[in-house]
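Text of my_file.cif, listed as mmCIF, C-alpha atoms:
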data_coords
loop_
_atom_site.group_PDB
_atom_site.id
_atom_site.type_symbol
_atom_site.label_atom_id
_atom_site.label_comp_id
_atom_site.auth_asym_id
_atom_site.auth_seq_id
_atom_site.Cartn_x
_atom_site.Cartn_y
_atom_site.Cartn_z
ATOM 1 C CA MET A 1 28.148 17.206 -90.726
ATOM 2 C CA ASN A 2 25.875 14.198 -90.270
ATOM 3 C CA ASN A 3 26.673 11.636 -87.669
ATOM 4 C CA PRO A 4 25.608 8.178 -88.939
ATOM 5 C CA ASN A 5 25.354 6.918 -85.352
ATOM 6 C CA ILE A 6 22.457 9.234 -84.480
ATOM 7 C CA GLU A 7 20.716 9.565 -87.854
ATOM 8 C CA ASN A 8 18.597 6.490 -87.302
ATOM 9 C CA ARG A 9 17.144 7.195 -83.851
ATOM 10 C CA GLU A 10 14.417 4.562 -84.289
ATOM 11 C CA ASN A 11 17.070 1.863 -84.078
ATOM 12 C CA ILE A 12 18.596 3.385 -80.960
ATOM 13 C CA PHE A 13 15.301 4.185 -79.189
ATOM 14 C CA PRO A 14 12.678 1.757 -80.529
ATOM 15 C CA GLN A 15 9.086 2.548 -79.720
ATOM 16 C CA GLN A 16 8.058 0.871 -76.515
ATOM 17 C CA GLU A 17 5.632 -1.975 -76.751
ATOM 18 C CA LYS A 18 2.109 -1.098 -75.613
ATOM 19 C CA THR A 19 1.083 -2.821 -72.385
ATOM 20 C CA ASN A 20 -1.868 -2.863 -70.027
ATOM 21 C CA GLN A 21 0.116 -0.999 -67.373
ATOM 22 C CA PRO A 22 -1.377 2.121 -65.772
ATOM 23 C CA LYS A 23 -0.651 5.384 -67.548
ATOM 24 C CA LEU A 24 1.945 7.659 -66.041
ATOM 25 C CA ASN A 25 1.347 11.307 -65.313
ATOM 26 C CA ASN A 26 3.631 14.041 -66.580
ATOM 27 C CA LYS A 27 6.034 13.451 -63.661
ATOM 28 C CA SER A 28 6.477 9.783 -64.678
ATOM 29 C CA THR A 29 4.856 8.559 -61.468
ATOM 30 C CA ILE A 30 1.736 6.508 -60.914
ATOM 31 C CA LEU A 31 -0.273 8.640 -58.518
ATOM 32 C CA GLU A 32 -3.534 8.346 -56.702
ATOM 33 C CA GLU A 33 -5.086 11.563 -55.497
ATOM 34 C CA CYS A 34 -3.993 12.178 -51.909
ATOM 35 C CA LEU A 35 -4.409 14.650 -49.071
ATOM 36 C CA ASN A 36 -1.521 15.889 -47.004
ATOM 37 C CA GLU A 37 -1.645 16.067 -43.210
ATOM 38 C CA THR A 38 -2.894 19.665 -43.141
ATOM 39 C CA GLN A 39 -5.653 18.976 -45.672
ATOM 40 C CA LEU A 40 -6.908 15.876 -43.850
ATOM 41 C CA ALA A 41 -6.813 17.637 -40.473
ATOM 42 C CA LYS A 42 -8.914 20.445 -41.931
ATOM 43 C CA HIS A 43 -11.305 17.989 -43.627
ATOM 44 C CA TRP A 44 -11.884 16.091 -40.372
ATOM 45 C CA GLN A 45 -11.674 19.223 -38.200
ATOM 46 C CA VAL A 46 -8.967 17.701 -36.011
ATOM 47 C CA SER A 47 -5.426 18.743 -35.178
ATOM 48 C CA LYS A 48 -2.389 17.624 -37.126
ATOM 49 C CA LYS A 49 -1.060 16.329 -33.790
ATOM 50 C CA LEU A 50 -3.988 13.880 -33.582
ATOM 51 C CA LEU A 51 -3.173 12.558 -37.065
ATOM 52 C CA GLN A 52 0.464 12.159 -36.013
ATOM 53 C CA LYS A 53 -0.606 10.178 -32.929
ATOM 54 C CA MET A 54 -2.902 8.020 -35.063
ATOM 55 C CA ARG A 55 -0.006 7.243 -37.434
ATOM 56 C CA TYR A 56 2.257 6.382 -34.504
ATOM 57 C CA LYS A 57 -0.330 4.045 -32.955
ATOM 58 C CA GLY A 58 -1.401 2.613 -36.325
ATOM 59 C CA SER A 59 -5.006 3.538 -35.608
ATOM 60 C CA GLY A 60 -5.655 5.909 -38.511
ATOM 61 C CA PRO A 61 -5.990 5.501 -42.248
ATOM 62 C CA LYS A 62 -3.128 3.971 -44.206
ATOM 63 C CA PHE A 63 -0.695 6.547 -45.482
ATOM 64 C CA ILE A 64 2.299 6.958 -47.752
ATOM 65 C CA LYS A 65 5.524 8.333 -46.319
ATOM 66 C CA ILE A 66 8.393 9.351 -48.568
ATOM 67 C CA GLY A 67 11.140 11.076 -46.624
ATOM 68 C CA SER A 68 9.358 13.608 -44.459
ATOM 69 C CA LEU A 69 6.295 13.813 -46.736
ATOM 70 C CA VAL A 70 3.111 12.123 -45.522
ATOM 71 C CA ARG A 71 0.203 11.579 -47.904
ATOM 72 C CA TYR A 72 -3.176 9.950 -47.336
ATOM 73 C CA PRO A 73 -4.664 8.340 -50.463
ATOM 74 C CA LEU A 74 -8.332 9.283 -50.862
ATOM 75 C CA SER A 75 -9.261 5.606 -51.188
ATOM 76 C CA GLU A 76 -7.718 4.900 -47.758
ATOM 77 C CA ILE A 77 -9.470 7.903 -46.190
ATOM 78 C CA THR A 78 -12.814 6.719 -47.588
ATOM 79 C CA LYS A 79 -12.190 3.141 -46.411
ATOM 80 C CA TYR A 80 -11.241 4.351 -42.920
ATOM 81 C CA GLU A 81 -14.347 6.542 -42.701
ATOM 82 C CA GLN A 82 -16.596 3.677 -43.852
ATOM 83 C CA ASP A 83 -14.980 1.219 -41.413
ATOM 84 C CA ASN A 84 -15.573 3.671 -38.551
ATOM 85 C CA ARG A 85 -19.269 4.385 -39.096
ATOM 86 C CA HIS A 86 -21.409 3.436 -36.128
ATOM 87 C CA SER A 87 -25.104 3.711 -35.419
ATOM 88 C CA ASN A 88 -24.732 3.719 -31.619
ATOM 89 C CA THR A 89 -22.035 3.745 -28.964
ATOM 90 C CA CYS A 90 -22.645 0.091 -28.027
ATOM 91 C CA GLU A 91 -20.986 -0.914 -31.308
ATOM 92 C CA LEU A 92 -17.701 0.566 -30.079
ATOM 93 C CA GLY A 93 -17.256 -2.121 -27.381
ATOM 94 C CA SER A 94 -16.379 -1.565 -23.747
ATOM 95 C CA VAL A 95 -14.203 1.392 -22.864
#

Starting from the file, lay out its structure as structure tokens.
Amino acid sequence: MNNPNIENRENIFPQQEKTNQPKLNNKSTILEECLNETQLAKHWQVSKKLLQKMRYKGSGPKFIKIGSLVRYPLSEITKYEQDNRHSNTCELGSV
């Protein structure tokens, strides 16, 4: 038995128009490569607690928080590291 309502799927689901939008990954999400809290702590050789304090104070790299998940985009980690390069302690200002 053929159903005439679903025989012509092209009319029901036309092909989407091509745009200049970013491509989606297989989970239908636009993602940038990120590190989680544990990975960044290991990379910087610091504690996860320090990263948590930095997030609270707003002194660390920008991060993404979805529910309880925290992710640090690699571009933000790189920017933070570049912005915090110093050639001597005088550049840090008075303590």

Can you pull out every residue within 10 Å of stretch 76-86 of chain A, counting all atoms listed in the file, but drop anything in the same chain fewer than 2 positions away, and send it as a list in words?
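Here the answer would be Cys34, Leu35, Leu40, Ser59, Gly60, Pro61, Lys62, Phe63, Tyr72, Pro73, Leu74, Asn88, Thr89, Cys90, Glu91 and Leu92 of chain A.
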
Result set, the PyMOL selection byres ((chain A and resi 41) around 12) on current file, as a list in words
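That selection, the PyMOL selection byres ((chain A and resi 41) around 12), comes back as Leu35, Asn36, Glu37, Thr38, Gln39, Leu40, Lys42, His43, Trp44, Gln45, Val46, Ser47, Lys48, Lys49, Leu50, Leu51, Gln52, Met54, Gly60, Arg71, Tyr72 and Ile77 of chain A.
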
Axis-aligned box for stretch 73-91 of chain A, 5 Å per side, centre and edges in Å as JSON:
{"center_x": -14.9, "center_y": 4.2, "center_z": -39.6, "size_x": 30.4, "size_y": 20.2, "size_z": 33.2}
